[in-house]
>>> print(open('entry_30.txt').read())   # compact mmCIF, C-alpha atoms
# COMPACT_ATOMS: atom_id res chain seq x y z
CA MET T 84 133.33 132.04 148.98
CA ASN T 85 129.67 131.41 148.15
CA ASN T 86 127.10 131.76 150.89
CA TYR T 87 124.47 129.05 150.65
CA LYS T 88 121.40 129.27 152.81
CA LEU T 89 118.64 126.72 153.29
CA GLU T 90 115.30 127.96 154.61
CA ILE T 91 112.84 125.28 155.67
CA GLN T 92 109.34 126.60 156.33
CA ASN T 93 106.70 124.45 158.03
CA LEU T 94 107.57 121.34 156.04
CA SER T 95 105.22 118.37 156.24
CA LYS T 96 105.05 114.96 154.63
CA LYS T 97 102.44 112.20 154.71
CA TYR T 98 102.35 108.76 153.10
CA GLY T 99 98.63 108.18 152.66
CA ARG T 100 97.20 108.85 156.11
CA ARG T 101 100.46 108.25 157.93
CA LEU T 102 102.11 111.44 159.04
CA VAL T 103 105.89 111.31 158.61
CA PHE T 104 106.54 114.80 159.99
CA SER T 105 104.95 118.21 160.09
CA GLY T 106 106.06 121.71 160.98
CA VAL T 107 109.77 121.23 160.29
CA SER T 108 111.28 124.73 160.10
CA GLY T 109 114.72 126.24 160.31
CA SER T 110 117.35 128.32 158.61
CA TYR T 111 120.85 127.02 157.99
CA SER T 112 123.85 128.35 156.12
CA THR T 113 127.34 127.56 154.85
CA GLY T 114 129.72 126.29 157.50
CA GLU T 115 127.12 124.45 159.53
CA ILE T 116 126.83 120.67 159.91
CA ILE T 117 123.29 119.66 160.78
CA GLY T 118 122.33 116.23 162.04
CA ILE T 119 118.99 114.63 161.24
CA LYS T 120 118.16 112.23 164.06
CA GLY T 121 115.35 109.75 164.52
CA LYS T 122 114.47 106.10 164.94
CA ASN T 123 114.48 103.64 162.01
CA GLY T 124 111.57 104.48 159.73
CA SER T 125 111.00 107.87 161.36
CA GLY T 126 111.51 109.82 158.12
CA LYS T 127 115.17 110.86 158.10
CA SER T 128 115.65 109.69 154.52
CA THR T 129 112.35 111.23 153.42
CA LEU T 130 113.41 114.61 154.82
CA SER T 131 116.84 114.23 153.17
CA ARG T 132 115.26 113.48 149.79
CA ILE T 133 112.91 116.48 150.07
CA LEU T 134 115.81 118.79 150.97
CA VAL T 135 117.75 117.81 147.82
CA GLY T 136 114.63 118.02 145.64
CA ILE T 137 114.14 114.37 144.62
CA ASP T 138 110.97 113.93 146.67
CA SER T 139 108.06 116.27 147.18
CA GLN T 140 106.50 117.51 150.41
CA ASN T 141 102.79 117.76 151.18
CA GLY T 142 103.07 121.16 152.78
CA GLY T 143 105.58 123.93 153.49
CA LYS T 144 108.55 125.21 151.53
CA VAL T 145 112.25 124.66 151.09
CA ASN T 146 114.15 127.67 149.76
CA HIS T 147 117.68 127.25 148.43
CA ILE T 148 119.40 130.64 148.55
CA LEU T 149 122.77 131.28 146.92
CA ASN T 150 124.40 134.62 147.77
CA GLY T 151 121.00 136.10 148.67
CA LYS T 152 119.22 134.88 145.54
CA ILE T 153 116.53 132.20 145.76
CA LEU T 154 117.29 129.38 143.33
CA GLU T 155 114.54 127.83 141.21
CA LYS T 156 113.88 124.24 142.30
CA GLU T 157 114.90 122.86 138.91
CA ASP T 158 118.20 124.78 138.97
CA ILE T 159 119.54 123.46 142.29
CA TYR T 160 121.11 120.32 140.84
CA ASN T 161 124.57 121.80 140.31
CA PHE T 162 124.72 123.18 143.87
CA VAL T 163 123.49 120.10 145.68
CA GLY T 164 125.31 116.87 146.52
CA PHE T 165 123.65 113.75 147.87
CA ALA T 166 124.75 110.28 148.90
CA ALA T 167 122.59 107.50 150.30
CA PRO T 168 122.69 103.69 150.40
CA TYR T 169 119.55 103.52 148.20
CA LEU T 170 120.99 105.82 145.52
CA ASN T 171 122.26 103.78 142.59
CA LEU T 172 124.90 104.60 140.00
CA TYR T 173 125.22 102.99 136.56
CA SER T 174 126.57 99.48 137.09
CA GLU T 175 127.30 98.91 133.37
CA PHE T 176 129.92 101.69 133.47
CA SER T 177 133.19 101.91 135.37
CA ALA T 178 133.64 104.29 138.30
CA PHE T 179 135.67 106.64 136.11
CA GLU T 180 133.10 106.53 133.28
CA ASN T 181 130.26 107.24 135.71
CA LEU T 182 131.90 110.44 136.92
CA LYS T 183 132.79 111.54 133.38
CA ILE T 184 129.21 110.96 132.21
CA PHE T 185 127.80 112.88 135.19
CA SER T 186 130.04 115.88 134.43
CA LYS T 187 128.86 115.88 130.82
CA ILE T 188 125.19 115.72 131.85
CA ARG T 189 125.68 118.46 134.45
CA GLY T 190 127.37 120.59 131.80
CA ILE T 191 130.50 121.15 133.87
CA GLN T 192 134.20 120.63 133.16
CA PHE T 193 135.39 117.17 134.22
CA ASP T 194 137.96 117.75 136.98
CA LEU T 195 140.48 114.96 136.39
CA GLN T 196 142.79 116.07 139.21
CA LEU T 197 140.02 116.10 141.81
CA THR T 198 138.69 112.77 140.52
CA GLU T 199 142.10 111.10 140.82
CA ARG T 200 142.61 112.59 144.29
CA LEU T 201 139.23 111.32 145.52
CA PHE T 202 139.84 107.86 144.04
CA GLU T 203 143.20 107.84 145.83
CA ASN T 204 141.73 108.99 149.16
CA PHE T 205 138.92 106.44 149.00
CA ASN T 206 141.24 103.65 147.94
CA LEU T 207 139.55 103.07 144.57
CA SER T 208 142.42 104.06 142.24
CA LYS T 209 143.27 100.49 141.28
CA ARG T 210 139.64 99.62 140.53
CA LYS T 211 138.53 102.89 138.91
CA ASN T 212 138.29 101.30 135.45
CA ASP T 213 136.29 98.28 136.65
CA LEU T 214 132.55 98.13 136.06
CA LEU T 215 130.52 99.10 139.13
CA SER T 216 128.71 95.76 138.83
CA SER T 217 131.90 94.14 140.13
CA TYR T 218 132.13 96.43 143.18
CA SER T 219 131.40 95.34 146.74
CA SER T 220 128.76 97.27 148.75
CA GLY T 221 131.49 99.10 150.65
CA MET T 222 133.23 100.15 147.43
CA LEU T 223 129.91 101.32 146.03
CA GLN T 224 129.33 103.44 149.12
CA ARG T 225 132.78 105.02 148.67
CA MET T 226 131.86 105.71 145.05
CA LYS T 227 128.57 107.33 146.12
CA ILE T 228 130.43 109.64 148.49
CA ILE T 229 132.75 110.65 145.61
CA PHE T 230 129.70 111.20 143.36
CA SER T 231 128.18 113.52 145.98
CA VAL T 232 131.18 115.86 146.14
CA ILE T 233 132.79 115.64 142.68
CA HIS T 234 131.02 118.79 141.44
CA LYS T 235 131.99 120.76 144.59
CA PRO T 236 128.45 121.31 145.86
CA ASN T 237 127.49 124.18 148.19
CA PHE T 238 124.91 122.02 149.93
CA LEU T 239 125.64 118.40 150.79
CA VAL T 240 123.24 115.85 152.26
CA LEU T 241 124.67 112.54 153.44
CA ASP T 242 122.11 109.91 154.36
CA GLU T 243 123.75 107.12 156.42
CA PRO T 244 127.18 108.08 155.05
CA ILE T 245 129.17 105.30 156.68
CA SER T 246 126.85 102.37 155.96
CA ASN T 247 128.81 99.35 154.62
CA LEU T 248 132.14 101.12 155.16
CA ASP T 249 135.14 99.67 156.97
CA SER T 250 137.07 101.73 159.52
CA GLY T 251 139.35 103.16 156.81
CA GLY T 252 136.36 104.23 154.74
CA LYS T 253 134.67 105.81 157.75
CA SER T 254 137.69 107.91 158.64
CA GLU T 255 138.02 109.01 154.99
CA VAL T 256 134.40 110.19 155.02
CA TYR T 257 134.90 112.10 158.29
CA GLN T 258 138.10 113.64 156.99
CA LEU T 259 136.31 114.76 153.81
CA ILE T 260 133.42 116.25 155.80
CA LYS T 261 135.82 118.20 158.02
CA MET T 262 137.80 119.38 155.00
CA ILE T 263 134.82 120.82 153.08
CA SER T 264 132.67 121.89 156.05
CA HIS T 265 133.88 125.51 156.14
CA GLU T 266 132.64 126.15 152.59
CA THR T 267 129.64 123.81 152.47
CA LEU T 268 126.32 123.45 154.28
CA ILE T 269 126.17 119.80 155.32
CA PHE T 270 123.26 117.68 156.57
CA ILE T 271 123.92 114.20 157.96
CA ALA T 272 120.98 111.84 158.44
CA SER T 273 122.15 109.08 160.71
CA ASN T 274 121.84 107.24 163.99
CA GLU T 275 125.57 106.62 164.29
CA GLU T 276 127.07 108.41 167.28
CA SER T 277 130.32 109.00 165.40
CA ASP T 278 128.44 110.72 162.53
CA LEU T 279 126.38 112.92 164.81
CA ARG T 280 129.45 113.98 166.79
CA LEU T 281 130.45 116.10 163.77
CA CYS T 282 127.19 118.08 163.88
CA SER T 283 126.66 121.45 165.53
CA ASN T 284 122.87 121.48 165.35
CA PHE T 285 120.15 118.84 165.06
CA ILE T 286 116.72 118.18 163.59
CA GLU T 287 115.03 115.58 165.78
CA ILE T 288 112.34 114.00 163.58
CA GLU T 289 110.37 112.63 166.58
CA GLU T 290 109.62 116.23 167.63
CA TYR T 291 107.68 116.81 164.40
CA LYS T 292 105.28 113.90 164.59
CA LYS T 293 102.40 115.67 166.37
CA MET O 214 124.76 120.23 125.23
CA LYS O 215 123.54 118.56 128.41
CA LEU O 216 120.81 116.50 126.74
CA LEU O 217 123.48 115.08 124.45
CA GLY O 218 125.16 113.81 127.64
CA ILE O 219 121.98 111.89 128.55
CA PHE O 220 121.71 110.58 124.99
CA LEU O 221 125.34 109.40 124.93
CA LYS O 222 124.92 107.76 128.34
CA ASP O 223 121.85 105.88 127.11
CA TRP O 224 123.49 104.97 123.81
CA GLN O 225 126.66 103.60 125.46
CA SER O 226 124.51 101.77 128.00
CA GLU O 227 122.41 100.29 125.15
CA LEU O 228 125.52 99.11 123.31
CA ARG O 229 126.63 97.29 126.45
CA THR O 230 123.30 95.86 127.59
CA ARG O 231 121.35 95.68 124.26
CA TYR O 232 118.00 95.76 126.08
CA ALA O 233 116.04 97.88 123.59
CA ILE O 234 117.81 96.90 120.34
CA ASN O 235 117.38 93.18 121.05
CA ALA O 236 113.72 93.63 122.02
CA LEU O 237 113.03 95.64 118.84
CA ALA O 238 114.91 93.24 116.54
CA MET O 239 113.22 90.16 118.00
CA PHE O 240 109.78 91.74 117.79
CA ILE O 241 110.25 92.81 114.16
CA LEU O 242 111.47 89.32 113.26
CA VAL O 243 108.65 87.53 115.08
CA THR O 244 105.77 89.71 113.80
CA ILE O 245 106.93 89.61 110.18
CA SER O 246 107.41 85.83 110.43
CA VAL O 247 103.88 85.40 111.87
CA ILE O 248 102.43 87.49 109.02
CA LEU O 249 104.34 85.45 106.44
CA PHE O 250 103.20 82.14 107.96
CA SER O 251 99.59 83.27 108.24
CA ILE O 252 99.26 84.45 104.61
CA GLY O 253 101.03 81.37 103.22
CA ASN O 254 101.18 81.49 99.42
CA GLU O 255 98.56 84.22 99.09
CA ASN O 256 99.57 87.60 97.79
CA PRO O 257 98.12 90.25 100.10
CA ASP O 258 96.48 93.32 98.62
CA GLU O 259 98.97 96.19 98.24
CA PHE O 260 97.02 98.46 100.61
CA LEU O 261 96.86 95.67 103.18
CA THR O 262 100.66 95.48 103.25
CA GLY O 263 100.73 99.25 103.91
CA GLY O 264 98.43 98.73 106.92
CA MET O 265 100.45 95.74 108.14
CA LEU O 266 103.60 97.84 107.94
CA TRP O 267 102.24 100.23 110.56
CA VAL O 268 100.90 97.41 112.74
CA VAL O 269 104.44 95.98 112.89
CA ILE O 270 105.91 99.42 113.56
CA PHE O 271 103.37 100.18 116.33
CA PHE O 272 103.89 96.93 118.22
CA SER O 273 107.67 96.98 117.75
CA ALA O 274 107.72 100.49 119.20
CA MET O 275 105.65 99.21 122.12
CA SER O 276 108.18 96.48 122.83
CA GLY O 277 111.36 98.55 122.80
CA LEU O 278 110.79 102.23 123.39
CA SER O 279 109.65 102.00 127.01
CA ARG O 280 113.14 100.85 128.02
CA SER O 281 114.49 104.42 128.19
CA PHE O 282 112.60 105.20 131.41
CA VAL O 283 111.71 101.72 132.66
CA SER O 284 115.39 100.72 132.86
CA GLU O 285 116.14 103.80 135.02
CA GLU O 286 113.34 102.83 137.44
CA GLU O 287 114.34 99.15 137.50
CA ARG O 288 117.98 99.96 138.20
CA GLY O 289 117.01 102.63 140.74
CA THR O 290 118.91 105.35 138.91
CA SER O 291 116.00 107.79 138.44
CA ALA O 292 116.94 109.64 141.63
CA THR O 293 120.53 109.90 140.38
CA LEU O 294 119.30 111.49 137.15
CA MET O 295 117.13 113.91 139.15
CA LEU O 296 120.24 114.96 141.07
CA ILE O 297 122.31 115.79 138.00
CA ALA O 298 119.91 117.31 135.45
CA LYS O 299 116.79 119.38 134.90
CA PRO O 300 113.64 117.45 133.95
CA SER O 301 113.66 119.03 130.48
CA THR O 302 117.25 117.84 129.92
CA VAL O 303 116.33 114.30 130.95
CA PHE O 304 113.30 114.25 128.66
CA GLY O 305 115.25 115.79 125.76
CA GLY O 306 118.02 113.20 126.08
CA LYS O 307 115.62 110.27 126.33
CA LEU O 308 113.62 111.61 123.39
CA LEU O 309 116.76 111.89 121.26
CA PHE O 310 117.65 108.29 122.14
CA ASN O 311 114.16 107.06 121.19
CA PHE O 312 114.32 109.09 117.94
CA VAL O 313 117.46 107.22 116.93
CA LEU O 314 115.88 103.86 117.83
CA VAL O 315 112.66 104.65 115.89
CA PHE O 316 114.62 105.85 112.85
CA LEU O 317 116.73 102.67 112.87
CA MET O 318 113.62 100.54 113.30
CA ASN O 319 111.68 102.34 110.58
CA PHE O 320 114.62 102.14 108.23
CA VAL O 321 114.78 98.35 108.54
CA ILE O 322 111.05 97.46 108.55
CA PRO O 323 110.07 99.02 105.15
CA ILE O 324 113.15 97.43 103.55
CA LEU O 325 112.11 94.02 104.94
CA PHE O 326 108.56 94.60 103.71
CA ALA O 327 109.77 95.53 100.22
CA MET O 328 111.90 92.36 100.14
CA LEU O 329 109.26 89.98 101.50
CA PHE O 330 105.99 91.28 100.03
CA GLU O 331 105.87 91.60 96.25
CA THR O 332 102.81 93.84 96.45
CA PHE O 333 104.49 96.40 98.70
CA VAL O 334 105.61 98.78 95.96
CA VAL O 335 105.92 102.46 96.85
CA ARG O 336 105.24 104.62 93.81
CA ASN O 337 105.77 108.01 95.46
CA LEU O 338 108.97 107.69 97.50
CA LEU O 339 108.98 111.35 98.55
CA LEU O 340 105.52 111.09 100.12
CA PHE O 341 106.52 107.82 101.81
CA ALA O 342 109.68 109.48 103.18
CA PHE O 343 107.55 112.37 104.52
CA SER O 344 105.18 109.99 106.29
CA ILE O 345 108.03 107.90 107.74
CA ILE O 346 109.94 110.95 109.04
CA LEU O 347 106.89 112.71 110.52
CA GLY O 348 105.55 109.39 111.82
CA ASN O 349 108.87 108.64 113.50
CA ILE O 350 108.81 111.99 115.29
CA GLY O 351 105.24 111.41 116.50
CA ILE O 352 105.91 107.85 117.65
CA ALA O 353 109.15 108.80 119.41
CA VAL O 354 107.63 111.78 121.28
CA SER O 355 104.43 109.98 122.31
CA SER O 356 106.13 106.78 123.37
CA THR O 357 108.82 108.63 125.34
CA LEU O 358 106.15 110.52 127.29
CA ILE O 359 104.08 107.38 127.90
CA ALA O 360 107.23 105.47 128.92
CA SER O 361 107.92 108.13 131.57
CA ILE O 362 104.37 107.70 132.93
CA ILE O 363 104.32 103.91 133.01
CA SER O 364 107.83 103.62 134.47
CA LYS O 365 106.33 104.69 137.81
CA ALA O 366 103.57 102.05 137.64
CA ASN O 367 103.68 98.45 138.84
CA THR O 368 102.15 96.91 135.70
CA LYS O 369 104.53 98.43 133.18
CA GLY O 370 104.27 95.78 130.45
CA THR O 371 100.50 95.87 130.02
CA LEU O 372 99.99 99.55 130.67
CA TYR O 373 102.31 100.70 127.90
CA PRO O 374 100.36 99.49 124.82
CA VAL O 375 97.04 100.26 126.56
CA LEU O 376 98.00 103.89 127.22
CA SER O 377 99.74 104.28 123.87
CA PHE O 378 96.88 103.04 121.74
CA PRO O 379 94.48 106.04 122.12
CA ILE O 380 97.37 108.52 121.88
CA LEU O 381 98.96 106.93 118.83
CA LEU O 382 95.70 105.96 117.07
CA PRO O 383 95.15 109.28 115.22
CA LEU O 384 98.80 109.23 114.15
CA ILE O 385 98.67 105.62 112.93
CA LEU O 386 95.41 106.21 111.01
CA ILE O 387 96.91 109.18 109.14
CA LEU O 388 100.12 107.24 108.49
CA ILE O 389 98.19 104.29 107.03
CA GLU O 390 96.32 106.72 104.78
CA LEU O 391 99.55 108.39 103.62
CA THR O 392 101.21 105.02 103.01
CA LYS O 393 98.22 104.04 100.88
CA TYR O 394 98.62 107.29 98.90
CA SER O 395 102.33 106.69 98.40
CA ILE O 396 101.62 103.14 97.14
CA GLU O 397 98.98 104.57 94.77
CA GLY O 398 101.42 107.22 93.60
CA VAL O 399 99.38 110.24 94.79
CA SER O 400 101.44 113.45 94.71
CA VAL O 401 102.68 115.31 97.81
CA GLU O 402 100.53 118.35 96.89
CA GLU O 403 97.37 116.25 96.90
CA SER O 404 98.26 114.78 100.32
CA TRP O 405 98.92 118.14 101.93
CA VAL O 406 96.03 117.93 104.45
CA GLU O 407 97.29 114.63 105.92
CA ILE O 408 100.87 115.94 106.04
CA ALA O 409 99.65 119.10 107.83
CA ILE O 410 97.80 116.95 110.40
CA LEU O 411 100.99 114.96 111.03
CA ILE O 412 103.02 118.16 111.50
CA ILE O 413 100.41 119.55 113.92
CA TYR O 414 100.29 116.25 115.84
CA ASP O 415 104.09 116.28 116.21
CA ILE O 416 104.18 119.91 117.37
CA VAL O 417 101.31 119.48 119.87
CA MET O 418 102.78 116.27 121.30
CA THR O 419 106.30 117.73 121.59
CA ILE O 420 105.14 120.89 123.40
CA SER O 421 102.71 119.10 125.71
CA SER O 422 105.32 116.42 126.51
CA PHE O 423 107.90 118.96 127.65
CA LEU O 424 105.22 120.77 129.70
CA LEU O 425 103.86 117.59 131.32
CA PHE O 426 107.18 115.90 131.96
CA ASP O 427 108.09 118.15 134.94
CA PHE O 428 105.05 116.84 136.86
CA ILE O 429 105.47 113.22 135.80
CA TRP O 430 109.16 113.16 136.72
CA LYS O 431 108.94 114.77 140.15
CA GLU O 432 105.57 113.55 141.44
>>> encode(input="entry_30.txt", output="structure tokens")
Amino acid sequence: MNNYKLEIQNLSKKYGRRLVFSGVSGSYSTGEIIGIKGKNGSGKSTLSRILVGIDSQNGGKVNHILNGKILEKEDIYNFVGFAAPYLNLYSEFSAFENLKIFSKIRGIQFDLQLTERLFENFNLSKRKNDLLSSYSSGMLQRMKIIFSVIHKPNFLVLDEPISNLDSGGKSEVYQLIKMISHETLIFIASNEESDLRLCSNFIEIEEYKK
Amino acid sequence: MKLLGIFLKDWQSELRTRYAINALAMFILVTISVILFSIGNENPDEFLTGGMLWVVIFFSAMSGLSRSFVSEEERGTSATLMLIAKPSTVFGGKLLFNFVLVFLMNFVIPILFAMLFETFVVRNLLLFAFSIILGNIGIAVSSTLIASIISKANTKGTLYPVLSFPILLPLILILIELTKYSIEGVSVEESWVEIAILIIYDIVMTISSFLLFDFIWKE
């Protein structure tokens, strides 16, 4: 099993003059589920985006370490999974086509068995060949969760993972998190009690606003 | 190859949405029609048609080639691309897509010119082919880089031709000169300096684009 470690050193982010957070530090590794807590607009999503490398910080460092070796920032994409309500997939393609295209771009083998299993678990099997433009917001959220784990990432960040989901969808997400948690480092940015109950450790954004 | 994955994604997406192809086709049609209406029954000078050819190519490129990055920003899929590929892979794939579009565009426009303007007669086809191929590379690389810059801006439509003009001007000037030579029937050997400038332009733009793209994409 791979050991993935995330080292956050004195991370800070500002939008113009507005401080979002500063001095966020910590070290986390495979098997942990970390919750990112904070009020609406406090910077949970910003921190999530910085951790997965799609946003940049103003100060500090984030080191992604796989089996003791620091990964280059531009090489982390095959080890990182991310799902968020604001993340969009390609609506002109079907769910199945989206995942196939992503595998090709990532340069990894398309895992048909895993894809079918995830479609089955998330109740999308019957609609897998429909264009995403015809999906409801709940179905899109299910699809985003599948997108985040289809390449078996070592580090997974879920920003508001159960937004738009019905009770069945929520329990599927929780089941998935529990299933992969022993071999994955997971961050959950949320205000939902049920999401945060899964976490063993927390980053409270309000503590880093001084 | 991973960049081929980006190219195929863009190509399939283009076949379904036809954003860029329709924009290019409409622009080519409209500009050539306007030129034909404005000259009426007059026969334009043969060198003038060579210049007009590159004016049509420049503005057609401005109308269609920005789609590669702008559509990702408009659909909110840029972050998704960042999550699945290196910046160099994204740029390589988008560049390949724009290459194909420019080659298609620059295959059609000279044929239309030859059909519609009697004075547009190319006497040295080899030299013309050189200028078209090297010009296509330069236009594709420059416009892909500029498209990546303007996709992050609010005023995408206006900014694209404004930013492109100074970057593409040296290329267009050389291409107009080479087209004039090919209409005159000047040999490839005699046009070597201009060809060398085109090759250098293409190399410099390709290298600097790949180096700059990392910053443009992530910042």
>>> closest_residue(input="entry_30.txt", among="O:Ile252, O:Leu411, O:Val334, O:Leu296", to="T:Asp138", atoms="all atoms listed in the file")
O:Leu296
>>> closest_residue(input="entry_30.txt", among="T:Glu180, T:Asp158, T:Glu255, T:Glu243", to="T:Glu203", atoms="only C-alpha atoms")
T:Glu255
>>> interface_residues(input="entry_30.txt", of="chain T", to="chain O", cutoff="8 Å", atoms="only C-alpha atoms", output="mmCIF file with C-alpha atoms, in the coordinates of the input")
data_model
loop_
_atom_site.group_PDB
_atom_site.id
_atom_site.type_symbol
_atom_site.label_atom_id
_atom_site.label_comp_id
_atom_site.auth_asym_id
_atom_site.auth_seq_id
_atom_site.Cartn_x
_atom_site.Cartn_y
_atom_site.Cartn_z
ATOM 1 C CA VAL T 135 117.750 117.810 147.820
ATOM 2 C CA GLY T 136 114.630 118.020 145.640
ATOM 3 C CA ILE T 137 114.140 114.370 144.620
ATOM 4 C CA ASP T 138 110.970 113.930 146.670
ATOM 5 C CA SER T 139 108.060 116.270 147.180
ATOM 6 C CA GLU T 157 114.900 122.860 138.910
ATOM 7 C CA ASP T 158 118.200 124.780 138.970
ATOM 8 C CA TYR T 160 121.110 120.320 140.840
ATOM 9 C CA ASN T 161 124.570 121.800 140.310
ATOM 10 C CA VAL T 163 123.490 120.100 145.680
ATOM 11 C CA GLY T 164 125.310 116.870 146.520
ATOM 12 C CA PHE T 165 123.650 113.750 147.870
ATOM 13 C CA TYR T 169 119.550 103.520 148.200
ATOM 14 C CA LEU T 170 120.990 105.820 145.520
ATOM 15 C CA ASN T 171 122.260 103.780 142.590
ATOM 16 C CA LEU T 172 124.900 104.600 140.000
ATOM 17 C CA TYR T 173 125.220 102.990 136.560
ATOM 18 C CA GLU T 175 127.300 98.910 133.370
ATOM 19 C CA PHE T 176 129.920 101.690 133.470
ATOM 20 C CA ILE T 184 129.210 110.960 132.210
ATOM 21 C CA PHE T 185 127.800 112.880 135.190
ATOM 22 C CA LYS T 187 128.860 115.880 130.820
ATOM 23 C CA ILE T 188 125.190 115.720 131.850
ATOM 24 C CA ARG T 189 125.680 118.460 134.450
ATOM 25 C CA GLY T 190 127.370 120.590 131.800
#
>>> residues_near_point(input="entry_30.txt", point="(103.4, 92.2, 101.6)", cutoff="6 Å", atoms="all atoms listed in the file", output="list in words")
Pro257, Thr262, Phe330, Glu331, Thr332 and Phe333 of chain O
>>> write_last_selection(input="entry_30.txt", atoms="C-alpha atoms", output="compact mmCIF listing (two decimals), in the coordinates of the input")
# COMPACT_ATOMS: atom_id res chain seq x y z
CA PRO O 257 98.12 90.25 100.10
CA THR O 262 100.66 95.48 103.25
CA PHE O 330 105.99 91.28 100.03
CA GLU O 331 105.87 91.60 96.25
CA THR O 332 102.81 93.84 96.45
CA PHE O 333 104.49 96.40 98.70
>>> closest_residue(input="entry_30.txt", among="T:Asp194, T:Asp249, T:Asp242, T:Glu290", to="T:Asn206", atoms="only C-alpha atoms")
T:Asp249
>>> residues_near_point(input="entry_30.txt", point="(104.0, 98.5, 103.5)", cutoff="10 Å", atoms="only C-alpha atoms", output="PDB file with C-alpha atoms, in the frame of the given file")
ATOM      1  CA  GLU O 259      98.970  96.190  98.240  1.00  0.00           C
ATOM      2  CA  PHE O 260      97.020  98.460 100.610  1.00  0.00           C
ATOM      3  CA  LEU O 261      96.860  95.670 103.180  1.00  0.00           C
ATOM      4  CA  THR O 262     100.660  95.480 103.250  1.00  0.00           C
ATOM      5  CA  GLY O 263     100.730  99.250 103.910  1.00  0.00           C
ATOM      6  CA  GLY O 264      98.430  98.730 106.920  1.00  0.00           C
ATOM      7  CA  MET O 265     100.450  95.740 108.140  1.00  0.00           C
ATOM      8  CA  LEU O 266     103.600  97.840 107.940  1.00  0.00           C
ATOM      9  CA  TRP O 267     102.240 100.230 110.560  1.00  0.00           C
ATOM     10  CA  VAL O 268     100.900  97.410 112.740  1.00  0.00           C
ATOM     11  CA  VAL O 269     104.440  95.980 112.890  1.00  0.00           C
ATOM     12  CA  ILE O 322     111.050  97.460 108.550  1.00  0.00           C
ATOM     13  CA  PRO O 323     110.070  99.020 105.150  1.00  0.00           C
ATOM     14  CA  ILE O 324     113.150  97.430 103.550  1.00  0.00           C
ATOM     15  CA  LEU O 325     112.110  94.020 104.940  1.00  0.00           C
ATOM     16  CA  PHE O 326     108.560  94.600 103.710  1.00  0.00           C
ATOM     17  CA  ALA O 327     109.770  95.530 100.220  1.00  0.00           C
ATOM     18  CA  PHE O 330     105.990  91.280 100.030  1.00  0.00           C
ATOM     19  CA  THR O 332     102.810  93.840  96.450  1.00  0.00           C
ATOM     20  CA  PHE O 333     104.490  96.400  98.700  1.00  0.00           C
ATOM     21  CA  VAL O 334     105.610  98.780  95.960  1.00  0.00           C
ATOM     22  CA  VAL O 335     105.920 102.460  96.850  1.00  0.00           C
ATOM     23  CA  PHE O 341     106.520 107.820 101.810  1.00  0.00           C
ATOM     24  CA  ILE O 389      98.190 104.290 107.030  1.00  0.00           C
ATOM     25  CA  THR O 392     101.210 105.020 103.010  1.00  0.00           C
ATOM     26  CA  LYS O 393      98.220 104.040 100.880  1.00  0.00           C
ATOM     27  CA  SER O 395     102.330 106.690  98.400  1.00  0.00           C
ATOM     28  CA  ILE O 396     101.620 103.140  97.140  1.00  0.00           C
TER      29      ILE O 396
END
>>> atom_distance(input="entry_30.txt", atom1="atom CA of O:Ser356", atom2="atom CA of O:Val243")
21.1 Å
>>> closest_residue(input="entry_30.txt", among="T:Leu279, T:Ile191, T:Leu89, T:Ile116", to="T:His147", atoms="all atoms listed in the file")
T:Leu89
>>> closest_residue(input="entry_30.txt", among="T:Ile228, T:Ala272, T:Leu197, T:Met262", to="T:Leu248", atoms="all atoms listed in the file")
T:Ile228
>>> residues_around(input="entry_30.txt", residues="O:Val399", least_positions_apart="5", cutoff="10 Å", atoms="all atoms listed in the file", output="PDB file with C-alpha atoms, keeping the file's coordinate frame")
ATOM      1  CA  ARG O 336     105.240 104.620  93.810  1.00  0.00           C
ATOM      2  CA  ASN O 337     105.770 108.010  95.460  1.00  0.00           C
ATOM      3  CA  LEU O 340     105.520 111.090 100.120  1.00  0.00           C
ATOM      4  CA  LEU O 391      99.550 108.390 103.620  1.00  0.00           C
ATOM      5  CA  THR O 392     101.210 105.020 103.010  1.00  0.00           C
ATOM      6  CA  LYS O 393      98.220 104.040 100.880  1.00  0.00           C
ATOM      7  CA  TYR O 394      98.620 107.290  98.900  1.00  0.00           C
ATOM      8  CA  SER O 404      98.260 114.780 100.320  1.00  0.00           C
TER       9      SER O 404
END
>>> atom_distance(input="entry_30.txt", atom1="atom CA of O:Pro383", atom2="atom CA of O:Phe271")
12.3 Å
>>> atom_distance(input="entry_30.txt", atom1="atom CA of T:Asn123", atom2="atom CA of T:Val145")
23.8 Å
>>> residues_around(input="entry_30.txt", residues="O:Ala360", least_positions_apart="3", cutoff="8 Å", atoms="only C-alpha atoms", output="NGL selection string")
:O and (278-283 or 356-357 or 363-364 or 373)
>>> residues_around(input="entry_30.txt", residues="T:Thr198", least_positions_apart="3", cutoff="12 Å", atoms="only C-alpha atoms", output="PyMOL selection string")
chain T and resi 178-183+186+192-195+201-205+207-208+211+226+228-235
>>> residues_around(input="entry_30.txt", residues="O:Leu384", least_positions_apart="5", cutoff="8 Å", atoms="all atoms listed in the file", output="list in words")
Gly348, Gly351, Leu411 and Tyr414 of chain O
>>> residues_around(input="entry_30.txt", residues="T:Leu268", least_positions_apart="4", cutoff="8 Å", atoms="all atoms listed in the file", output="short mmCIF file (atom, residue, chain, number, x, y, z; two decimals) with C-alpha atoms, keeping the file's coordinate frame")
data_model
loop_
_atom_site.label_atom_id
_atom_site.label_comp_id
_atom_site.auth_asym_id
_atom_site.auth_seq_id
_atom_site.Cartn_x
_atom_site.Cartn_y
_atom_site.Cartn_z
CA TYR T 87 124.47 129.05 150.65
CA LYS T 88 121.40 129.27 152.81
CA TYR T 111 120.85 127.02 157.99
CA SER T 112 123.85 128.35 156.12
CA THR T 113 127.34 127.56 154.85
CA GLY T 114 129.72 126.29 157.50
CA GLU T 115 127.12 124.45 159.53
CA ILE T 116 126.83 120.67 159.91
CA ASN T 237 127.49 124.18 148.19
CA PHE T 238 124.91 122.02 149.93
CA LEU T 239 125.64 118.40 150.79
CA SER T 264 132.67 121.89 156.05
#
